[in-house]
file upload-v3.csv (CSV, N, CA and C atoms)
chain,number,residue,atom,x,y,z
I,1,MET,N,77.2,82.7,89.0
I,1,MET,CA,77.3,81.6,88.0
I,1,MET,C,77.2,82.1,86.6
I,2,GLN,N,77.6,83.3,86.4
I,2,GLN,CA,77.4,83.9,85.1
I,2,GLN,C,78.4,83.4,84.1
I,3,ARG,N,77.9,83.0,83.0
I,3,ARG,CA,78.7,82.6,81.8
I,3,ARG,C,78.2,83.3,80.6
I,4,ASP,N,78.9,83.4,79.6
I,4,ASP,CA,78.5,84.1,78.4
I,4,ASP,C,77.3,83.4,77.7
I,5,ASP,N,77.3,82.1,77.7
I,5,ASP,CA,76.2,81.4,77.0
I,5,ASP,C,75.1,80.8,77.8
I,6,ILE,N,75.2,80.9,79.2
I,6,ILE,CA,74.2,80.3,80.1
I,6,ILE,C,73.9,81.3,81.1
I,7,GLU,N,72.6,81.4,81.4
I,7,GLU,CA,72.1,82.2,82.5
I,7,GLU,C,71.4,81.3,83.5
I,8,VAL,N,71.6,81.5,84.8
I,8,VAL,CA,71.0,80.6,85.8
I,8,VAL,C,70.2,81.5,86.8
I,9,GLU,N,69.0,81.2,86.9
I,9,GLU,CA,68.1,81.9,87.8
I,9,GLU,C,67.8,81.0,89.0
I,10,LEU,N,67.8,81.5,90.2
I,10,LEU,CA,67.4,80.8,91.4
I,10,LEU,C,66.0,81.2,91.8
I,11,MET,N,65.2,80.1,92.1
I,11,MET,CA,63.9,80.4,92.6
I,11,MET,C,63.9,79.7,94.0
I,12,ALA,N,63.6,80.4,95.0
I,12,ALA,CA,63.6,79.8,96.4
I,12,ALA,C,62.6,80.6,97.3
I,13,ASN,N,62.4,80.0,98.4
I,13,ASN,CA,61.4,80.6,99.4
I,13,ASN,C,62.2,81.5,100.3
I,14,SER,N,63.5,81.6,100.2
I,14,SER,CA,64.3,82.6,101.0
I,14,SER,C,65.6,82.8,100.2
I,15,ALA,N,66.4,83.8,100.7
I,15,ALA,CA,67.7,84.0,100.1
I,15,ALA,C,68.7,82.9,100.5
I,16,ALA,N,68.8,81.9,99.7
I,16,ALA,CA,69.7,80.8,100.0
I,16,ALA,C,71.1,81.2,99.9
I,17,PHE,N,72.0,80.4,100.6
I,17,PHE,CA,73.4,80.7,100.6
I,17,PHE,C,73.9,80.7,99.1
I,18,GLY,N,74.7,81.7,98.7
I,18,GLY,CA,75.2,81.8,97.4
I,18,GLY,C,74.2,82.4,96.4
I,19,TYR,N,73.1,83.0,96.9
I,19,TYR,CA,72.1,83.5,96.0
I,19,TYR,C,72.8,84.6,95.1
I,20,ASN,N,73.8,85.3,95.5
I,20,ASN,CA,74.4,86.4,94.8
I,20,ASN,C,75.2,85.8,93.6
I,21,ALA,N,75.5,84.5,93.5
I,21,ALA,CA,76.2,84.0,92.4
I,21,ALA,C,75.4,83.7,91.2
I,22,PHE,N,74.1,83.8,91.4
I,22,PHE,CA,73.1,83.6,90.3
I,22,PHE,C,72.9,84.8,89.5
I,23,ASP,N,72.5,84.7,88.2
I,23,ASP,CA,72.2,85.8,87.4
I,23,ASP,C,71.0,86.6,87.9
I,24,THR,N,69.9,85.9,88.4
I,24,THR,CA,68.8,86.5,88.9
I,24,THR,C,68.2,85.6,90.0
I,25,MET,N,67.3,86.1,90.9
I,25,MET,CA,66.7,85.3,91.9
I,25,MET,C,65.3,85.8,92.1
I,26,THR,N,64.4,84.8,92.2
I,26,THR,CA,63.0,85.0,92.5
I,26,THR,C,62.7,84.3,93.8
I,27,ILE,N,62.0,85.1,94.7
I,27,ILE,CA,61.6,84.5,96.0
I,27,ILE,C,60.1,84.3,95.9
I,28,TYR,N,59.6,83.1,96.3
I,28,TYR,CA,58.2,82.8,96.3
I,28,TYR,C,57.8,82.5,97.8
I,29,ASN,N,56.5,82.8,98.1
I,29,ASN,CA,56.0,82.6,99.4
I,29,ASN,C,55.3,81.3,99.6
I,30,ASP,N,54.6,80.8,98.5
I,30,ASP,CA,53.8,79.6,98.6
I,30,ASP,C,53.7,79.0,97.2
I,31,ARG,N,53.1,77.8,97.1
I,31,ARG,CA,53.0,77.1,95.9
I,31,ARG,C,52.4,77.9,94.8
I,32,ALA,N,51.3,78.7,95.0
I,32,ALA,CA,50.7,79.5,94.0
I,32,ALA,C,51.6,80.5,93.4
I,33,MET,N,52.4,81.1,94.3
I,33,MET,CA,53.4,82.1,93.8
I,33,MET,C,54.5,81.5,93.0
I,34,LEU,N,54.9,80.3,93.4
I,34,LEU,CA,55.9,79.5,92.7
I,34,LEU,C,55.4,79.2,91.3
I,35,VAL,N,54.2,78.7,91.2
I,35,VAL,CA,53.6,78.4,89.9
I,35,VAL,C,53.5,79.6,89.0
I,36,ARG,N,53.1,80.8,89.5
I,36,ARG,CA,53.1,82.0,88.7
I,36,ARG,C,54.5,82.4,88.3
I,37,SER,N,55.4,82.2,89.2
I,37,SER,CA,56.8,82.6,88.8
I,37,SER,C,57.4,81.7,87.7
I,38,VAL,N,57.1,80.4,87.8
I,38,VAL,CA,57.6,79.4,86.8
I,38,VAL,C,56.9,79.7,85.5
I,39,LYS,N,55.6,80.0,85.5
I,39,LYS,CA,54.9,80.4,84.2
I,39,LYS,C,55.6,81.6,83.5
I,40,LYS,N,55.9,82.6,84.3
I,40,LYS,CA,56.6,83.8,83.7
I,40,LYS,C,58.0,83.4,83.2
I,41,ALA,N,58.7,82.6,84.1
I,41,ALA,CA,60.1,82.2,83.7
I,41,ALA,C,60.1,81.3,82.5
I,42,SER,N,59.1,80.6,82.2
I,42,SER,CA,59.1,79.6,81.1
I,42,SER,C,59.2,80.3,79.8
I,43,LYS,N,59.0,81.6,79.7
I,43,LYS,CA,59.2,82.4,78.5
I,43,LYS,C,60.6,82.5,78.1
I,44,ARG,N,61.5,82.4,79.1
I,44,ARG,CA,63.0,82.6,78.9
I,44,ARG,C,63.8,81.5,79.4
I,45,VAL,N,63.3,80.5,80.1
I,45,VAL,CA,64.0,79.4,80.6
I,45,VAL,C,63.9,78.2,79.7
I,46,ASP,N,65.0,77.4,79.5
I,46,ASP,CA,65.0,76.2,78.7
I,46,ASP,C,64.8,75.0,79.5
I,47,ILE,N,65.2,75.0,80.7
I,47,ILE,CA,65.2,73.8,81.6
I,47,ILE,C,65.1,74.2,83.0
I,48,PHE,N,64.3,73.4,83.8
I,48,PHE,CA,64.2,73.6,85.2
I,48,PHE,C,64.9,72.5,86.0
I,49,HIS,N,65.8,72.9,86.9
I,49,HIS,CA,66.5,72.0,87.8
I,49,HIS,C,65.9,72.1,89.1
I,50,VAL,N,65.2,71.1,89.6
I,50,VAL,CA,64.4,71.2,90.8
I,50,VAL,C,64.9,70.2,91.8
I,51,HIS,N,65.2,70.7,93.0
I,51,HIS,CA,65.7,69.9,94.1
I,51,HIS,C,64.5,69.3,94.8
I,52,ASN,N,64.7,68.2,95.5
I,52,ASN,CA,63.6,67.4,96.0
I,52,ASN,C,63.1,67.8,97.4
I,53,GLU,N,63.6,68.8,98.0
I,53,GLU,CA,63.1,69.2,99.3
I,53,GLU,C,62.4,70.5,99.3
I,54,PRO,N,61.1,70.6,99.4
I,54,PRO,CA,60.2,69.5,99.5
I,54,PRO,C,59.8,68.9,98.1
I,55,ASP,N,59.2,67.7,98.2
I,55,ASP,CA,58.9,67.0,96.9
I,55,ASP,C,57.7,67.6,96.2
I,56,TRP,N,57.0,68.5,96.7
I,56,TRP,CA,55.9,69.1,96.0
I,56,TRP,C,56.4,70.1,94.9
I,57,LEU,N,57.7,70.4,95.0
I,57,LEU,CA,58.2,71.4,94.0
I,57,LEU,C,58.1,70.9,92.5
I,58,VAL,N,58.4,69.6,92.3
I,58,VAL,CA,58.3,69.1,90.9
I,58,VAL,C,56.8,69.2,90.4
I,59,PRO,N,55.9,68.7,91.1
I,59,PRO,CA,54.5,68.8,90.7
I,59,PRO,C,54.1,70.3,90.4
I,60,ALA,N,54.5,71.2,91.3
I,60,ALA,CA,54.2,72.6,91.1
I,60,ALA,C,54.8,73.2,89.8
I,61,VAL,N,56.1,72.8,89.6
I,61,VAL,CA,56.8,73.3,88.4
I,61,VAL,C,56.1,72.7,87.2
I,62,ARG,N,55.8,71.4,87.2
I,62,ARG,CA,55.1,70.8,86.1
I,62,ARG,C,53.7,71.4,85.8
I,63,GLU,N,53.0,71.8,86.8
I,63,GLU,CA,51.7,72.5,86.7
I,63,GLU,C,51.9,73.8,85.8
I,64,ALA,N,53.1,74.4,85.9
I,64,ALA,CA,53.3,75.7,85.3
I,64,ALA,C,54.0,75.6,84.0
I,65,THR,N,54.6,74.5,83.6
I,65,THR,CA,55.4,74.5,82.4
I,65,THR,C,55.5,73.1,81.8
I,66,ASN,N,55.7,73.1,80.5
I,66,ASN,CA,56.0,71.8,79.8
I,66,ASN,C,57.5,71.7,79.5
I,67,LYS,N,58.3,72.6,79.9
I,67,LYS,CA,59.7,72.6,79.7
I,67,LYS,C,60.3,71.4,80.5
I,68,PRO,N,61.5,70.9,80.1
I,68,PRO,CA,62.1,69.8,80.8
I,68,PRO,C,62.4,70.1,82.2
I,69,ILE,N,62.2,69.1,83.1
I,69,ILE,CA,62.5,69.2,84.5
I,69,ILE,C,63.5,68.2,84.9
I,70,VAL,N,64.7,68.6,85.4
I,70,VAL,CA,65.6,67.7,86.0
I,70,VAL,C,65.4,67.6,87.5
I,71,TYR,N,65.1,66.5,88.0
I,71,TYR,CA,64.8,66.2,89.4
I,71,TYR,C,66.1,65.9,90.1
I,72,ASP,N,66.5,66.8,91.0
I,72,ASP,CA,67.8,66.6,91.8
I,72,ASP,C,67.4,65.9,93.1
I,73,ILE,N,67.7,64.6,93.2
I,73,ILE,CA,67.2,63.8,94.3
I,73,ILE,C,68.4,63.6,95.3
I,74,HIS,N,68.3,64.4,96.4
I,74,HIS,CA,69.5,64.3,97.3
I,74,HIS,C,69.1,63.8,98.7
I,75,ASP,N,67.8,63.7,99.0
I,75,ASP,CA,67.5,63.3,100.4
I,75,ASP,C,66.0,62.9,100.4
I,76,LEU,N,65.7,61.8,99.9
I,76,LEU,CA,64.3,61.4,99.8
I,76,LEU,C,63.6,61.2,101.1
I,77,GLU,N,62.5,61.7,101.3
I,77,GLU,CA,61.7,61.5,102.5
I,77,GLU,C,61.5,60.0,102.8
I,78,SER,N,61.2,59.2,101.8
I,78,SER,CA,61.0,57.8,102.0
I,78,SER,C,62.3,57.1,102.5
I,79,PHE,N,63.5,57.6,102.2
I,79,PHE,CA,64.7,57.0,102.7
I,79,PHE,C,64.9,57.5,104.1
I,80,ARG,N,64.7,58.8,104.3
I,80,ARG,CA,65.0,59.5,105.6
I,80,ARG,C,64.1,58.8,106.7
I,81,TRP,N,62.9,58.6,106.4
I,81,TRP,CA,61.9,58.1,107.4
I,81,TRP,C,61.7,56.6,107.3
I,82,GLN,N,62.3,55.9,106.3
I,82,GLN,CA,62.1,54.5,106.1
I,82,GLN,C,60.7,54.1,106.0
I,83,ARG,N,60.0,54.8,105.1
I,83,ARG,CA,58.6,54.5,104.8
I,83,ARG,C,58.3,54.5,103.3
I,84,GLU,N,57.1,54.1,103.0
I,84,GLU,CA,56.7,54.1,101.6
I,84,GLU,C,56.7,55.6,101.1
I,85,PRO,N,57.0,55.7,99.8
I,85,PRO,CA,57.0,57.1,99.2
I,85,PRO,C,55.6,57.7,99.3
I,86,ASP,N,55.5,59.0,99.6
I,86,ASP,CA,54.2,59.6,99.5
I,86,ASP,C,53.9,60.1,98.1
I,87,GLN,N,52.7,60.6,97.9
I,87,GLN,CA,52.3,60.9,96.5
I,87,GLN,C,53.1,62.0,95.8
I,88,ASP,N,53.6,62.9,96.6
I,88,ASP,CA,54.5,64.0,96.0
I,88,ASP,C,55.8,63.4,95.5
I,89,GLU,N,56.4,62.4,96.2
I,89,GLU,CA,57.6,61.8,95.8
I,89,GLU,C,57.3,61.0,94.5
I,90,ILE,N,56.2,60.2,94.5
I,90,ILE,CA,55.9,59.4,93.3
I,90,ILE,C,55.6,60.3,92.1
I,91,ASP,N,54.9,61.4,92.3
I,91,ASP,CA,54.6,62.3,91.2
I,91,ASP,C,55.9,63.0,90.7
I,92,SER,N,56.8,63.3,91.6
I,92,SER,CA,58.0,64.0,91.2
I,92,SER,C,58.8,63.1,90.3
I,93,PHE,N,58.9,61.8,90.6
I,93,PHE,CA,59.6,60.9,89.6
I,93,PHE,C,58.9,60.8,88.3
I,94,LYS,N,57.5,60.7,88.3
I,94,LYS,CA,56.8,60.6,87.1
I,94,LYS,C,56.8,61.9,86.3
I,95,MET,N,56.7,63.0,86.9
I,95,MET,CA,56.6,64.3,86.2
I,95,MET,C,57.9,64.9,85.7
I,96,SER,N,59.0,64.4,86.2
I,96,SER,CA,60.3,65.0,85.8
I,96,SER,C,60.7,64.3,84.5
I,97,ASP,N,61.7,64.8,83.9
I,97,ASP,CA,62.2,64.3,82.6
I,97,ASP,C,63.6,63.6,82.7
I,98,ALA,N,64.3,63.9,83.8
I,98,ALA,CA,65.6,63.3,84.1
I,98,ALA,C,65.9,63.4,85.5
I,99,TRP,N,66.8,62.5,86.0
I,99,TRP,CA,67.1,62.5,87.4
I,99,TRP,C,68.6,62.7,87.7
I,100,VAL,N,68.9,63.3,88.8
I,100,VAL,CA,70.2,63.4,89.3
I,100,VAL,C,70.3,62.9,90.7
I,101,HIS,N,71.2,61.9,90.9
I,101,HIS,CA,71.3,61.3,92.2
I,101,HIS,C,72.7,61.7,92.8
I,102,VAL,N,72.8,61.7,94.1
I,102,VAL,CA,74.0,62.1,94.8
I,102,VAL,C,75.0,60.9,95.0
I,103,SER,N,74.6,59.7,94.8
I,103,SER,CA,75.5,58.6,94.9
I,103,SER,C,74.9,57.4,94.2
I,104,GLU,N,75.8,56.4,93.9
I,104,GLU,CA,75.3,55.2,93.2
I,104,GLU,C,74.4,54.4,94.1
I,105,PRO,N,74.7,54.2,95.4
I,105,PRO,CA,73.7,53.5,96.2
I,105,PRO,C,72.3,54.2,96.3
I,106,CYS,N,72.3,55.5,96.4
I,106,CYS,CA,71.1,56.3,96.4
I,106,CYS,C,70.3,56.1,95.1
I,107,ALA,N,71.1,56.1,94.0
I,107,ALA,CA,70.4,55.9,92.6
I,107,ALA,C,69.8,54.5,92.6
I,108,VAL,N,70.5,53.5,93.0
I,108,VAL,CA,70.0,52.1,92.9
I,108,VAL,C,68.7,52.0,93.7
I,109,GLU,N,68.8,52.5,95.0
I,109,GLU,CA,67.6,52.4,95.8
I,109,GLU,C,66.4,53.2,95.3
I,110,ALA,N,66.6,54.4,94.9
I,110,ALA,CA,65.6,55.2,94.3
I,110,ALA,C,64.9,54.6,93.1
I,111,GLU,N,65.8,54.1,92.2
I,111,GLU,CA,65.3,53.5,91.0
I,111,GLU,C,64.6,52.1,91.2
I,112,LYS,N,64.9,51.4,92.3
I,112,LYS,CA,64.2,50.2,92.7
I,112,LYS,C,62.7,50.6,93.0
I,113,LEU,N,62.6,51.8,93.7
I,113,LEU,CA,61.2,52.2,94.1
I,113,LEU,C,60.5,52.8,92.9
I,114,HIS,N,61.2,53.6,92.1
I,114,HIS,CA,60.5,54.4,91.1
I,114,HIS,C,60.8,54.1,89.6
I,115,GLY,N,61.5,53.1,89.4
I,115,GLY,CA,61.8,52.7,88.0
I,115,GLY,C,63.1,53.3,87.4
I,116,THR,N,63.3,52.9,86.2
I,116,THR,CA,64.5,53.4,85.5
I,116,THR,C,64.2,53.9,84.1
I,117,ASP,N,63.0,54.5,84.0
I,117,ASP,CA,62.5,54.9,82.7
I,117,ASP,C,62.9,56.3,82.3
I,118,LYS,N,63.8,57.0,83.0
I,118,LYS,CA,64.2,58.3,82.7
I,118,LYS,C,65.7,58.3,82.7
I,119,PRO,N,66.3,59.2,81.9
I,119,PRO,CA,67.8,59.4,81.9
I,119,PRO,C,68.1,59.8,83.3
I,120,ALA,N,69.3,59.2,83.8
I,120,ALA,CA,69.7,59.5,85.2
I,120,ALA,C,71.2,59.5,85.2
I,121,THR,N,71.7,60.3,86.2
I,121,THR,CA,73.2,60.3,86.4
I,121,THR,C,73.4,60.5,87.9
I,122,VAL,N,74.7,60.2,88.3
I,122,VAL,CA,75.1,60.4,89.6
I,122,VAL,C,76.0,61.6,89.6
I,123,LEU,N,75.7,62.6,90.4
I,123,LEU,CA,76.5,63.8,90.5
I,123,LEU,C,76.7,64.1,92.0
I,124,PRO,N,77.8,63.7,92.5
I,124,PRO,CA,78.1,63.9,94.0
I,124,PRO,C,78.1,65.4,94.3
I,125,SER,N,77.7,65.7,95.5
I,125,SER,CA,77.7,67.1,95.9
I,125,SER,C,79.1,67.6,96.2
I,126,TYR,N,79.5,68.7,95.6
I,126,TYR,CA,80.7,69.4,95.9
I,126,TYR,C,80.5,70.9,96.1
I,127,VAL,N,81.5,71.5,96.7
I,127,VAL,CA,81.4,73.0,96.9
I,127,VAL,C,81.8,73.6,95.6
I,128,ASN,N,81.0,74.6,95.1
I,128,ASN,CA,81.3,75.3,93.9
I,128,ASN,C,82.5,76.1,94.1
I,129,ALA,N,83.4,76.2,93.2
I,129,ALA,CA,84.7,76.9,93.3
I,129,ALA,C,84.4,78.4,93.6
I,130,THR,N,83.3,78.9,93.2
I,130,THR,CA,82.9,80.3,93.6
I,130,THR,C,82.9,80.5,95.1
I,131,PHE,N,82.7,79.5,95.8
I,131,PHE,CA,82.5,79.7,97.3
I,131,PHE,C,83.8,79.2,98.1
I,132,TYR,N,84.8,78.9,97.4
I,132,TYR,CA,86.1,78.6,98.0
I,132,TYR,C,86.6,79.8,98.8
I,133,GLY,N,87.2,79.6,99.9
I,133,GLY,CA,87.8,80.7,100.6
I,133,GLY,C,89.2,80.8,100.1
I,134,PRO,N,89.9,81.9,100.5
I,134,PRO,CA,91.3,82.0,100.1
I,134,PRO,C,92.2,80.9,100.6
I,135,SER,N,93.2,80.5,99.8
I,135,SER,CA,94.1,79.5,100.2
I,135,SER,C,95.0,79.9,101.3
I,136,PRO,N,95.2,79.1,102.3
I,136,PRO,CA,96.1,79.5,103.4
I,136,PRO,C,97.5,79.8,103.0
call {"tool": "encode", "arguments": {"input": "upload-v3.csv", "output": "structure tokens"}}
result
Amino acid sequence: MQRDDIEVELMANSAAFGYNAFDTMTIYNDRAMLVRSVKKASKRVDIFHVHNEPDWLVPAVREATNKPIVYDIHDLESFRWQREPDQDEIDSFKMSDAWVHVSEPCAVEAEKLHGTDKPATVLPSYVNATFYGPSP
């Protein structure tokens, strides 16, 4: 994902698909290691884009930095299990600075539960062109 004006670092607990498309990658083993990694990265990172699985990621990143956090909400536990949101989900909405939803219906339902006090957008999931196979 290298561009002249933007660098993108991946932080994950394993080598995720497409890891080699990022400028750099950090692997963490647990929450404490993630917090330490985010603290170090905060010296060079402008914004953190955090996916919601698991939901404890946003609180961990917030513990480590005051930089903006975009919360990428693609599969809420409360939707999946049809239950009340747990504290990590609640905190993730509160501690993030903006939200990305995968569809308009998901955005509507999530914001019914968690409010509409943050900038939000709908960004459907697509395959990055980097990962396209050769055309037949």
call {"tool": "atom_distance", "arguments": {"input": "upload-v3.csv", "atom1": "atom CA of I:Trp56", "atom2": "atom CA of I:Gly18"}}
result
23.1 Å
call {"tool": "select_by_dssp", "arguments": {"input": "upload-v3.csv", "residues": "stretch 43-135 of chain I", "states": "helix (DSSP H, G or I)", "output": "number ranges by chain"}}
result
I: 57-64, 77-80, 87-95, 104-114, 129-131
call {"tool": "closest_residue", "arguments": {"input": "upload-v3.csv", "among": "I:Phe93, I:Tyr126, I:Phe48, I:Tyr132", "to": "I:Lys67", "atoms": "only N, CA and C atoms"}}
result
I:Phe48
call {"tool": "residues_around", "arguments": {"input": "upload-v3.csv", "residues": "I:Met25", "least_positions_apart": "2", "cutoff": "5 Å", "atoms": "all atoms listed in the file", "output": "JSON, numbers by chain"}}
result
{"I": [10, 23, 27]}
call {"tool": "closest_residue", "arguments": {"input": "upload-v3.csv", "among": "I:Asp72, I:Glu111, I:Asp91, I:Asp30", "to": "I:Val50", "atoms": "only N, CA and C atoms"}}
result
I:Asp72
call {"tool": "closest_residue", "arguments": {"input": "upload-v3.csv", "among": "I:Ile69, I:Ala60, I:Cys106, I:Val8", "to": "I:Ile47", "atoms": "all atoms listed in the file"}}
result
I:Ile69
call {"tool": "atom_distance", "arguments": {"input": "upload-v3.csv", "atom1": "atom CA of I:His74", "atom2": "atom CA of I:Val35"}}
result
22.5 Å
call {"tool": "axis_aligned_box", "arguments": {"input": "upload-v3.csv", "around": "stretch 108-112 of chain I", "padding_each_side": "5 Å", "output": "lines of an AutoDock Vina configuration file"}}
result
center_x = 66.6
center_y = 52.7
center_z = 93.4
size_x = 17.8
size_y = 15.0
size_z = 14.8
call {"tool": "closest_residue", "arguments": {"input": "upload-v3.csv", "among": "I:Lys94, I:Arg83, I:His49, I:Arg31", "to": "I:His114", "atoms": "all atoms listed in the file"}}
result
I:Lys94
call {"tool": "select_by_dssp", "arguments": {"input": "upload-v3.csv", "residues": "chain I", "states": "strand (DSSP E or B)", "output": "ChimeraX atom specification"}}
result
/I:9-12,24-27,48-51,69-73,98-101,120-122
